[in-house]
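The next block is upload_25.pdb, given as PDB, C-alpha atoms, pLDDT in the B column.
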ATOM      1  CA  MET A 231       0.000   0.000   0.000  1.00 73.00           C
ATOM      2  CA  SER A 232       1.511   3.318  -1.062  1.00 87.00           C
ATOM      3  CA  PHE A 233       0.380   6.442   0.708  1.00 93.00           C
ATOM      4  CA  PHE A 234      -0.526   9.595  -1.208  1.00 93.00           C
ATOM      5  CA  TRP A 235       2.075  11.592   0.708  1.00 94.00           C
ATOM      6  CA  ARG A 236       4.782   9.087  -0.111  1.00 94.00           C
ATOM      7  CA  GLU A 237       3.947   9.360  -3.791  1.00 93.00           C
ATOM      8  CA  ALA A 238       4.187  13.134  -3.565  1.00 92.00           C
ATOM      9  CA  GLY A 239       7.689  12.860  -2.132  1.00 93.00           C
ATOM     10  CA  LEU A 240       7.044  13.354   1.582  1.00 94.00           C
ATOM     11  CA  THR A 241       8.628  11.084   4.197  1.00 95.00           C
ATOM     12  CA  TYR A 242       6.713   9.486   7.075  1.00 95.00           C
ATOM     13  CA  LEU A 243       8.379  11.889   9.478  1.00 94.00           C
ATOM     14  CA  GLN A 244       7.159  14.895   7.528  1.00 93.00           C
ATOM     15  CA  TYR A 245       3.675  13.391   7.337  1.00 95.00           C
ATOM     16  CA  ALA A 246       3.570  12.681  11.082  1.00 95.00           C
ATOM     17  CA  ASN A 247       4.716  16.209  11.919  1.00 92.00           C
ATOM     18  CA  VAL A 248       2.185  17.875   9.613  1.00 94.00           C
ATOM     19  CA  SER A 249      -0.555  15.806  11.241  1.00 96.00           C
ATOM     20  CA  ALA A 250       0.658  16.694  14.746  1.00 95.00           C
ATOM     21  CA  LYS A 251       0.861  20.382  13.904  1.00 93.00           C
ATOM     22  CA  ALA A 252      -2.694  20.295  12.557  1.00 95.00           C
ATOM     23  CA  LEU A 253      -3.881  18.684  15.789  1.00 96.00           C
ATOM     24  CA  ARG A 254      -2.179  21.339  17.933  1.00 95.00           C
ATOM     25  CA  ASN A 255      -3.766  24.020  15.812  1.00 93.00           C
ATOM     26  CA  VAL A 256      -7.324  23.193  16.888  1.00 95.00           C
ATOM     27  CA  LEU A 257      -6.904  22.731  20.614  1.00 95.00           C
ATOM     28  CA  LYS A 258      -8.694  24.859  23.173  1.00 94.00           C
ATOM     29  CA  ASP A 259      -6.720  27.863  24.397  1.00 93.00           C
ATOM     30  CA  GLN A 260      -5.231  26.408  27.548  1.00 92.00           C
ATOM     31  CA  ALA A 261      -4.014  23.166  26.034  1.00 92.00           C
ATOM     32  CA  LYS A 262      -2.906  25.014  22.906  1.00 93.00           C
ATOM     33  CA  ALA A 263      -0.672  27.435  24.792  1.00 91.00           C
ATOM     34  CA  VAL A 264       1.304  24.517  26.221  1.00 90.00           C
ATOM     35  CA  ALA A 265       1.336  22.554  22.985  1.00 91.00           C
ATOM     36  CA  ILE A 266       2.362  25.377  20.669  1.00 88.00           C
ATOM     37  CA  ARG A 267       5.660  25.672  22.502  1.00 86.00           C
ATOM     38  CA  ARG A 268       6.524  22.196  21.246  1.00 85.00           C
ATOM     39  CA  GLU A 269       6.606  23.627  17.750  1.00 84.00           C
ATOM     40  CA  GLU A 270       9.257  26.161  18.553  1.00 81.00           C
ATOM     41  CA  GLN A 271      12.413  25.363  16.707  1.00 78.00           C
ATOM     42  CA  PHE A 272      14.860  27.970  15.740  1.00 82.00           C
ATOM     43  CA  ALA A 273      18.515  28.416  14.929  1.00 85.00           C
ATOM     44  CA  LYS A 274      20.686  31.425  15.531  1.00 86.00           C
ATOM     45  CA  VAL A 275      23.399  31.702  12.951  1.00 88.00           C
ATOM     46  CA  GLN A 276      26.498  33.831  13.372  1.00 89.00           C
ATOM     47  CA  VAL A 277      29.243  33.862  10.778  1.00 87.00           C
ATOM     48  CA  TRP A 278      32.715  34.381  12.177  1.00 89.00           C
ATOM     49  CA  LYS A 279      35.365  35.903   9.974  1.00 88.00           C
ATOM     50  CA  ASP A 280      38.937  36.914  10.852  1.00 88.00           C
ATOM     51  CA  GLY A 281      38.195  36.276  14.493  1.00 86.00           C
ATOM     52  CA  LYS A 282      35.304  38.685  14.453  1.00 85.00           C
ATOM     53  CA  GLN A 283      31.717  37.823  15.119  1.00 85.00           C
ATOM     54  CA  GLY A 284      29.428  38.749  12.280  1.00 82.00           C
ATOM     55  CA  ASP A 285      25.722  39.487  12.231  1.00 85.00           C
ATOM     56  CA  THR A 286      23.248  37.238  13.941  1.00 84.00           C
ATOM     57  CA  ARG A 287      20.583  35.653  11.791  1.00 85.00           C
ATOM     58  CA  VAL A 288      17.634  33.809  13.257  1.00 83.00           C
ATOM     59  CA  ILE A 289      16.057  31.002  11.297  1.00 81.00           C
ATOM     60  CA  ASP A 290      12.544  30.333  12.596  1.00 75.00           C
ATOM     61  CA  ALA A 291      11.214  27.320  10.752  1.00 67.00           C
ATOM     62  CA  SER A 292       7.976  27.033  12.708  1.00 65.00           C
ATOM     63  CA  GLY A 293       6.817  30.476  11.659  1.00 60.00           C
ATOM     64  CA  ASN A 294       5.250  31.074  15.060  1.00 56.00           C
ATOM     65  CA  LYS A 295       6.989  34.424  15.337  1.00 54.00           C
ATOM     66  CA  LEU A 296       8.705  33.954  18.665  1.00 54.00           C
ATOM     67  CA  ASN A 297       9.990  36.826  20.671  1.00 53.00           C
ATOM     68  CA  LEU A 298      13.704  36.436  21.175  1.00 51.00           C
TER      69      LEU A 298
ATOM     70  CA  MET B 233      17.804 -43.386  19.162  1.00 62.00           C
ATOM     71  CA  PHE B 234      14.520 -43.684  21.042  1.00 59.00           C
ATOM     72  CA  ARG B 235      15.983 -42.127  24.188  1.00 58.00           C
ATOM     73  CA  HIS B 236      16.868 -39.040  22.125  1.00 57.00           C
ATOM     74  CA  THR B 237      13.307 -38.830  20.808  1.00 55.00           C
ATOM     75  CA  LEU B 238      11.899 -38.960  24.323  1.00 52.00           C
ATOM     76  CA  ARG B 239      14.153 -36.121  25.489  1.00 54.00           C
ATOM     77  CA  ALA B 240      13.134 -34.000  22.520  1.00 51.00           C
ATOM     78  CA  ALA B 241       9.435 -34.616  23.185  1.00 50.00           C
ATOM     79  CA  ARG B 242       9.531 -33.555  26.837  1.00 50.00           C
ATOM     80  CA  PRO B 243       9.845 -29.757  26.314  1.00 51.00           C
ATOM     81  CA  LEU B 244       6.754 -29.845  24.107  1.00 50.00           C
ATOM     82  CA  ALA B 245       4.725 -31.620  26.764  1.00 49.00           C
ATOM     83  CA  ARG B 246       5.659 -28.951  29.328  1.00 49.00           C
ATOM     84  CA  THR B 247       4.223 -26.116  27.231  1.00 51.00           C
ATOM     85  CA  SER B 248       0.874 -25.033  28.661  1.00 56.00           C
ATOM     86  CA  ALA B 249       0.171 -21.757  26.766  1.00 58.00           C
ATOM     87  CA  VAL B 250      -1.995 -22.345  23.727  1.00 60.00           C
ATOM     88  CA  ARG B 251      -2.403 -19.671  21.085  1.00 59.00           C
ATOM     89  CA  ALA B 252      -6.124 -19.327  20.429  1.00 54.00           C
ATOM     90  CA  TYR B 253      -8.459 -16.650  19.108  1.00 53.00           C
ATOM     91  CA  ALA B 254      -8.800 -13.739  21.483  1.00 50.00           C
ATOM     92  CA  THR B 255     -12.073 -14.045  23.360  1.00 46.00           C
ATOM     93  CA  GLU B 256     -13.794 -11.734  25.767  1.00 43.00           C
ATOM     94  CA  ALA B 257     -13.863 -14.477  28.347  1.00 39.00           C
ATOM     95  CA  SER B 258     -10.062 -14.356  28.582  1.00 44.00           C
ATOM     96  CA  ALA B 259      -8.912 -13.964  32.147  1.00 53.00           C
ATOM     97  CA  ASN B 260      -5.857 -12.043  31.040  1.00 78.00           C
ATOM     98  CA  ARG B 261      -5.946  -8.329  30.684  1.00 88.00           C
ATOM     99  CA  LEU B 262      -4.243  -5.988  28.282  1.00 94.00           C
ATOM    100  CA  ARG B 263      -1.683  -3.715  29.812  1.00 95.00           C
ATOM    101  CA  VAL B 264      -1.710  -0.425  27.960  1.00 96.00           C
ATOM    102  CA  ASN B 265       1.031   2.163  27.662  1.00 97.00           C
ATOM    103  CA  LEU B 266       0.046   5.337  25.835  1.00 97.00           C
ATOM    104  CA  VAL B 267       2.944   7.699  25.319  1.00 97.00           C
ATOM    105  CA  VAL B 268       3.717  10.816  23.361  1.00 96.00           C
ATOM    106  CA  PRO B 269       7.270  12.184  23.102  1.00 94.00           C
ATOM    107  CA  HIS B 270       6.787  14.669  25.928  1.00 93.00           C
ATOM    108  CA  GLN B 271       4.549  12.706  28.286  1.00 94.00           C
ATOM    109  CA  ALA B 272       3.345   9.232  29.280  1.00 96.00           C
ATOM    110  CA  TYR B 273      -0.458   9.388  29.495  1.00 96.00           C
ATOM    111  CA  LEU B 274      -1.004   5.769  30.494  1.00 96.00           C
ATOM    112  CA  LYS B 275       1.542   3.501  32.135  1.00 95.00           C
ATOM    113  CA  GLN B 276       0.757  -0.197  32.463  1.00 94.00           C
ATOM    114  CA  VAL B 277      -2.957   0.492  32.740  1.00 94.00           C
ATOM    115  CA  GLU B 278      -5.098  -2.644  32.781  1.00 94.00           C
ATOM    116  CA  ALA B 279      -7.743  -2.693  30.088  1.00 95.00           C
ATOM    117  CA  THR B 280     -10.278  -5.155  28.763  1.00 95.00           C
ATOM    118  CA  GLN B 281     -10.405  -3.698  25.266  1.00 96.00           C
ATOM    119  CA  VAL B 282      -8.775  -0.944  23.229  1.00 97.00           C
ATOM    120  CA  ASN B 283     -10.276   0.427  20.039  1.00 97.00           C
ATOM    121  CA  LEU B 284      -8.066   2.246  17.601  1.00 96.00           C
ATOM    122  CA  SER B 285      -7.964   3.253  13.984  1.00 96.00           C
ATOM    123  CA  SER B 286      -5.130   1.897  11.867  1.00 96.00           C
ATOM    124  CA  THR B 287      -4.216   2.304   8.216  1.00 95.00           C
ATOM    125  CA  GLU B 288      -5.373  -1.284   7.725  1.00 93.00           C
ATOM    126  CA  GLY B 289      -8.763  -0.557   9.290  1.00 94.00           C
ATOM    127  CA  ASP B 290     -10.372  -0.071  12.677  1.00 95.00           C
ATOM    128  CA  MET B 291      -9.171  -2.521  15.314  1.00 95.00           C
ATOM    129  CA  GLY B 292     -10.638  -3.752  18.577  1.00 96.00           C
ATOM    130  CA  ILE B 293      -7.821  -5.198  20.627  1.00 95.00           C
ATOM    131  CA  LEU B 294      -8.438  -7.699  23.407  1.00 94.00           C
ATOM    132  CA  ALA B 295      -5.948  -9.552  25.568  1.00 92.00           C
ATOM    133  CA  GLU B 296      -4.012 -12.264  23.725  1.00 91.00           C
ATOM    134  CA  HIS B 297      -4.377 -10.472  20.437  1.00 93.00           C
ATOM    135  CA  VAL B 298      -2.062 -11.676  17.703  1.00 95.00           C
ATOM    136  CA  PRO B 299       1.208  -9.711  18.034  1.00 95.00           C
ATOM    137  CA  THR B 300       0.932  -6.837  15.600  1.00 94.00           C
ATOM    138  CA  ILE B 301       2.486  -3.545  14.673  1.00 97.00           C
ATOM    139  CA  ALA B 302      -0.190  -1.208  13.380  1.00 96.00           C
ATOM    140  CA  GLN B 303       0.307   2.239  11.913  1.00 97.00           C
ATOM    141  CA  LEU B 304      -2.289   4.614  13.352  1.00 97.00           C
ATOM    142  CA  LYS B 305      -4.454   6.979  11.374  1.00 96.00           C
ATOM    143  CA  PRO B 306      -5.462  10.266  12.994  1.00 96.00           C
ATOM    144  CA  GLY B 307      -8.291   9.033  15.183  1.00 96.00           C
ATOM    145  CA  VAL B 308      -9.692   8.145  18.567  1.00 97.00           C
ATOM    146  CA  ILE B 309      -8.081   5.627  20.870  1.00 97.00           C
ATOM    147  CA  GLU B 310     -10.669   4.248  23.281  1.00 97.00           C
ATOM    148  CA  ILE B 311      -9.626   2.287  26.340  1.00 96.00           C
ATOM    149  CA  PHE B 312     -12.193   0.134  28.135  1.00 96.00           C
ATOM    150  CA  SER B 313     -11.518  -1.093  31.632  1.00 94.00           C
ATOM    151  CA  ALA B 314     -13.342  -3.427  33.988  1.00 91.00           C
ATOM    152  CA  THR B 315     -13.299  -0.889  36.803  1.00 91.00           C
ATOM    153  CA  GLU B 316     -13.043   2.598  35.285  1.00 90.00           C
ATOM    154  CA  LYS B 317     -15.085   4.543  32.751  1.00 94.00           C
ATOM    155  CA  PRO B 318     -13.857   4.307  29.143  1.00 96.00           C
ATOM    156  CA  GLN B 319     -11.080   6.780  28.356  1.00 95.00           C
ATOM    157  CA  LYS B 320     -10.804   8.423  24.977  1.00 96.00           C
ATOM    158  CA  PHE B 321      -7.826  10.140  23.416  1.00 96.00           C
ATOM    159  CA  PHE B 322      -7.444  11.603  19.971  1.00 97.00           C
ATOM    160  CA  ALA B 323      -4.022  10.884  18.472  1.00 97.00           C
ATOM    161  CA  SER B 324      -2.573  12.523  15.383  1.00 96.00           C
ATOM    162  CA  GLY B 325      -0.797   9.340  14.362  1.00 95.00           C
ATOM    163  CA  GLY B 326       1.895   6.932  15.449  1.00 96.00           C
ATOM    164  CA  PHE B 327       2.120   3.208  16.025  1.00 97.00           C
ATOM    165  CA  ALA B 328       0.411   0.581  18.147  1.00 97.00           C
ATOM    166  CA  ILE B 329       2.505  -2.426  19.055  1.00 97.00           C
ATOM    167  CA  ILE B 330       0.820  -5.495  20.524  1.00 96.00           C
ATOM    168  CA  ASN B 331       3.263  -7.836  22.211  1.00 95.00           C
ATOM    169  CA  PRO B 332       2.833 -11.574  22.818  1.00 94.00           C
ATOM    170  CA  ASP B 333       2.498 -10.932  26.576  1.00 93.00           C
ATOM    171  CA  SER B 334      -0.603  -8.748  25.962  1.00 93.00           C
ATOM    172  CA  THR B 335       1.123  -5.440  26.551  1.00 95.00           C
ATOM    173  CA  LEU B 336      -0.028  -2.780  24.122  1.00 96.00           C
ATOM    174  CA  ASN B 337       2.335   0.096  23.469  1.00 97.00           C
ATOM    175  CA  ILE B 338       0.795   3.048  21.700  1.00 97.00           C
ATOM    176  CA  ASN B 339       3.310   5.641  20.599  1.00 97.00           C
ATOM    177  CA  ALA B 340       1.649   8.764  19.286  1.00 96.00           C
ATOM    178  CA  VAL B 341       3.210  12.010  18.140  1.00 95.00           C
ATOM    179  CA  GLU B 342       0.456  14.141  19.663  1.00 95.00           C
ATOM    180  CA  ALA B 343      -2.567  13.020  21.627  1.00 96.00           C
ATOM    181  CA  PHE B 344      -5.145  14.800  23.747  1.00 96.00           C
ATOM    182  CA  ALA B 345      -8.405  14.010  25.500  1.00 95.00           C
ATOM    183  CA  LEU B 346     -11.455  14.868  23.382  1.00 94.00           C
ATOM    184  CA  GLU B 347     -12.466  17.699  25.752  1.00 93.00           C
ATOM    185  CA  ASP B 348      -9.349  19.647  24.801  1.00 94.00           C
ATOM    186  CA  PHE B 349     -10.500  20.261  21.236  1.00 94.00           C
ATOM    187  CA  ASP B 350     -12.265  23.398  20.021  1.00 92.00           C
ATOM    188  CA  GLY B 351     -15.133  22.455  17.683  1.00 92.00           C
ATOM    189  CA  GLU B 352     -15.380  25.905  16.139  1.00 94.00           C
ATOM    190  CA  ALA B 353     -11.655  26.003  15.402  1.00 94.00           C
ATOM    191  CA  VAL B 354     -11.931  22.605  13.711  1.00 95.00           C
ATOM    192  CA  ARG B 355     -14.725  23.840  11.444  1.00 95.00           C
ATOM    193  CA  ARG B 356     -12.712  26.872  10.411  1.00 95.00           C
ATOM    194  CA  ALA B 357      -9.612  24.761   9.898  1.00 95.00           C
ATOM    195  CA  ILE B 358     -11.513  22.367   7.616  1.00 95.00           C
ATOM    196  CA  GLU B 359     -12.661  25.269   5.428  1.00 95.00           C
ATOM    197  CA  ASP B 360      -9.144  26.661   5.285  1.00 95.00           C
ATOM    198  CA  ALA B 361      -7.510  23.335   4.508  1.00 95.00           C
ATOM    199  CA  THR B 362     -10.116  22.484   1.841  1.00 95.00           C
ATOM    200  CA  ARG B 363      -9.354  25.760   0.115  1.00 94.00           C
ATOM    201  CA  ARG B 364      -5.632  25.083   0.259  1.00 94.00           C
ATOM    202  CA  THR B 365      -5.939  21.636  -1.325  1.00 93.00           C
ATOM    203  CA  ASN B 366      -6.767  23.430  -4.578  1.00 93.00           C
ATOM    204  CA  THR B 367      -4.168  26.193  -4.532  1.00 91.00           C
ATOM    205  CA  GLY B 368      -0.426  26.370  -4.398  1.00 89.00           C
ATOM    206  CA  SER B 369       2.376  24.019  -5.274  1.00 91.00           C
ATOM    207  CA  GLU B 370       2.134  20.216  -5.292  1.00 91.00           C
ATOM    208  CA  GLU B 371       3.770  20.034  -1.865  1.00 91.00           C
ATOM    209  CA  GLU B 372       1.428  22.633  -0.364  1.00 92.00           C
ATOM    210  CA  ARG B 373      -1.571  20.749  -1.683  1.00 94.00           C
ATOM    211  CA  VAL B 374      -0.378  17.454  -0.215  1.00 95.00           C
ATOM    212  CA  ILE B 375       0.274  19.121   3.143  1.00 95.00           C
ATOM    213  CA  ALA B 376      -3.225  20.620   3.039  1.00 95.00           C
ATOM    214  CA  LYS B 377      -4.636  17.181   2.247  1.00 95.00           C
ATOM    215  CA  ILE B 378      -2.862  15.655   5.254  1.00 96.00           C
ATOM    216  CA  GLU B 379      -4.172  18.432   7.486  1.00 96.00           C
ATOM    217  CA  LEU B 380      -7.678  17.971   6.103  1.00 96.00           C
ATOM    218  CA  GLU B 381      -7.562  14.259   6.939  1.00 95.00           C
ATOM    219  CA  THR B 382      -6.612  15.123  10.523  1.00 96.00           C
ATOM    220  CA  TYR B 383      -9.215  17.882  10.900  1.00 96.00           C
ATOM    221  CA  GLU B 384     -12.013  15.738   9.514  1.00 96.00           C
ATOM    222  CA  ALA B 385     -11.109  12.928  11.892  1.00 96.00           C
ATOM    223  CA  ILE B 386     -11.206  15.361  14.813  1.00 96.00           C
ATOM    224  CA  ALA B 387     -14.557  16.748  13.656  1.00 95.00           C
ATOM    225  CA  ALA B 388     -15.995  13.239  13.552  1.00 94.00           C
ATOM    226  CA  ALA B 389     -14.674  12.422  17.024  1.00 94.00           C
ATOM    227  CA  VAL B 390     -15.305  15.553  19.051  1.00 90.00           C
ATOM    228  CA  PRO B 391     -18.836  15.978  20.417  1.00 78.00           C
ATOM    229  CA  LYS B 392     -20.476  19.239  19.343  1.00 69.00           C
TER     230      LYS B 392
END
Will you turn the file into structure tokens for me?
Amino acid sequence: MSFFWREAGLTYLQYANVSAKALRNVLKDQAKAVAIRREEQFAKVQVWKDGKQGDTRVIDASGNKLNL
Amino acid sequence: MFRHTLRAARPLARTSAVRAYATEASANRLRVNLVVPHQAYLKQVEATQVNLSSTEGDMGILAEHVPTIAQLKPGVIEIFSATEKPQKFFASGGFAIINPDSTLNINAVEAFALEDFDGEAVRRAIEDATRRTNTGSEEERVIAKIELETYEAIAAAVPK
């Protein structure tokens, strides 16, 4: 049995995470506030050159617009 | 030669467990573990029956069920016990593993009790996801389709 998401090029992990994110999206406020924090993933990137720290760039994949 | 045969036959005679169809009259109970990555909702809880929804169809699991690994669809997991009221959780997906010793391990990515869902938010989300299945790139449409599957399952499960 081939799943429609597999045929479109998605992996199981991507499928499971999309499903989980959808579930978190429709929770009641209290449960949602706790759950939405599980989606926070971000990276801070700093390029070092000649021993000097460059600009900081934040990559926020979840798109939840965190305050940092 | 015959002595060897006798020795080989003895272990078989000692075996008492017989694999049979699971019946409700079974004295054994299921022991259920329901976990998500961040929390263990149920740990070694005794149950008489567990209903869940797998990609191969809906399953009703009793003690002494054939050992199985089932991939879950977004859906309700219902746990019946001899002493407590039935518990219901909605899981976004994951796996249910039934072991030969009647332990049932359900690993879900996200799961909540049905009371934690907002019916109005689900309705709006269904409209939004339906719209998105027809617009955007191939990947965006597939993602919208996955979300729609989840939202529709929640809508069917959550009482109005």
I need the residue set behind the PyMOL selection byres ((chain A) within 6 of (chain B)) for this file; please write it as a PyMOL selection string. chain A and resi 249-250+252+256-258
Take the residues that were just selected and, keeping C-alpha atoms, output them as a compact mmCIF listing (two decimals), in the frame of the given file.
# COMPACT_ATOMS: atom_id res chain seq x y z
CA SER A 249 -0.56 15.81 11.24
CA ALA A 250 0.66 16.69 14.75
CA ALA A 252 -2.69 20.30 12.56
CA VAL A 256 -7.32 23.19 16.89
CA LEU A 257 -6.90 22.73 20.61
CA LYS A 258 -8.69 24.86 23.17
Distance criterion (all atoms listed in the file): nearest to Arg267 in chain A out of A:Gly239, A:Gln283, A:Arg254, A:Phe233: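 Using all atoms listed in the file, Arg267 in chain A sits closest to A:Arg254.
In this structure, CA of Ala261 in chain A sits 19.9 Å away from CA of Ile358 in chain B.
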Report as an NGL selection string all protein, DNA and RNA residues lying within 7 Å of range 268-279 of chain A, evaluated on all atoms listed in the file, omitting residues in the same chain fewer than 4 positions from it. :A and (283-292)
Centre and edge lengths, as JSON, for the axis-aligned box enclosing every listed atom of range 273-292 of chain A with 8 Å of padding on each of the six sides, in Å to one decimal?
{"center_x": 23.5, "center_y": 33.3, "center_z": 12.8, "size_x": 47.0, "size_y": 28.5, "size_z": 21.6}
Can you spell out as a short mmCIF file (atom, residue, chain, number, x, y, z; two decimals) with C-alpha atoms, keeping the file's coordinate frame the set of residues that the PyMOL selection byres ((chain B and resi 335) around 6) selects in the structure I just provided?
data_model
loop_
_atom_site.label_atom_id
_atom_site.label_comp_id
_atom_site.auth_asym_id
_atom_site.auth_seq_id
_atom_site.Cartn_x
_atom_site.Cartn_y
_atom_site.Cartn_z
CA LEU B 262 -4.24 -5.99 28.28
CA ARG B 263 -1.68 -3.72 29.81
CA VAL B 264 -1.71 -0.42 27.96
CA ASN B 331 3.26 -7.84 22.21
CA ASP B 333 2.50 -10.93 26.58
CA SER B 334 -0.60 -8.75 25.96
CA LEU B 336 -0.03 -2.78 24.12
#
Grab the CA of Gly289 in chain B to CA of Ala385 in chain B distance for me, in Å with one decimal place.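 Between CA of Gly289 in chain B and CA of Ala385 in chain B the gap is 13.9 Å.
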Would you list the contacts of Ser232 in chain A as a PyMOL selection string, taking every protein, DNA or RNA residue within 12 Å and counting all atoms listed in the file, but skipping same-chain residues closer than 3 positions in sequence? (chain A and resi 235-242) or (chain B and resi 287)
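With all atoms listed in the file as the basis for measurement, B:Ile293 is the residue among B:Ile293, B:Val390, B:Ile330, B:Val298 that approaches Phe312 in chain B most closely.
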Nearest residue to Ile301 in chain B out of B:Thr315, B:Asn337, B:Ser369, B:Gln281, using all atoms listed in the file?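 Checking each candidate against Ile301 in chain B, we get B:Asn337 as the closest.
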Which distance in Å separates CA of Val267 in chain B and CA of Ile338 in chain B, to one decimal?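 Here the two named atoms are 6.3 Å from each other.
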When distances are computed from all atoms listed in the file, which of B:Thr362, B:Asn260, B:Asn339, B:Thr367 shows the smallest separation from Lys275 in chain B?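 Nearest to Lys275 in chain B: B:Asn339.
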For the provided coordinates, the residues matched by the PyMOL selection byres ((chain B and resi 310) around 8) should be stated as JSON, numbers by chain. {"B": [282, 283, 284, 308, 309, 311, 312, 318, 319, 320, 321]}
Restricting the calculation to all atoms listed in the file, which member of B:Gly368, B:Pro391, B:Pro332, B:Gly307 is positioned closest to Leu253 in chain A? B:Gly307
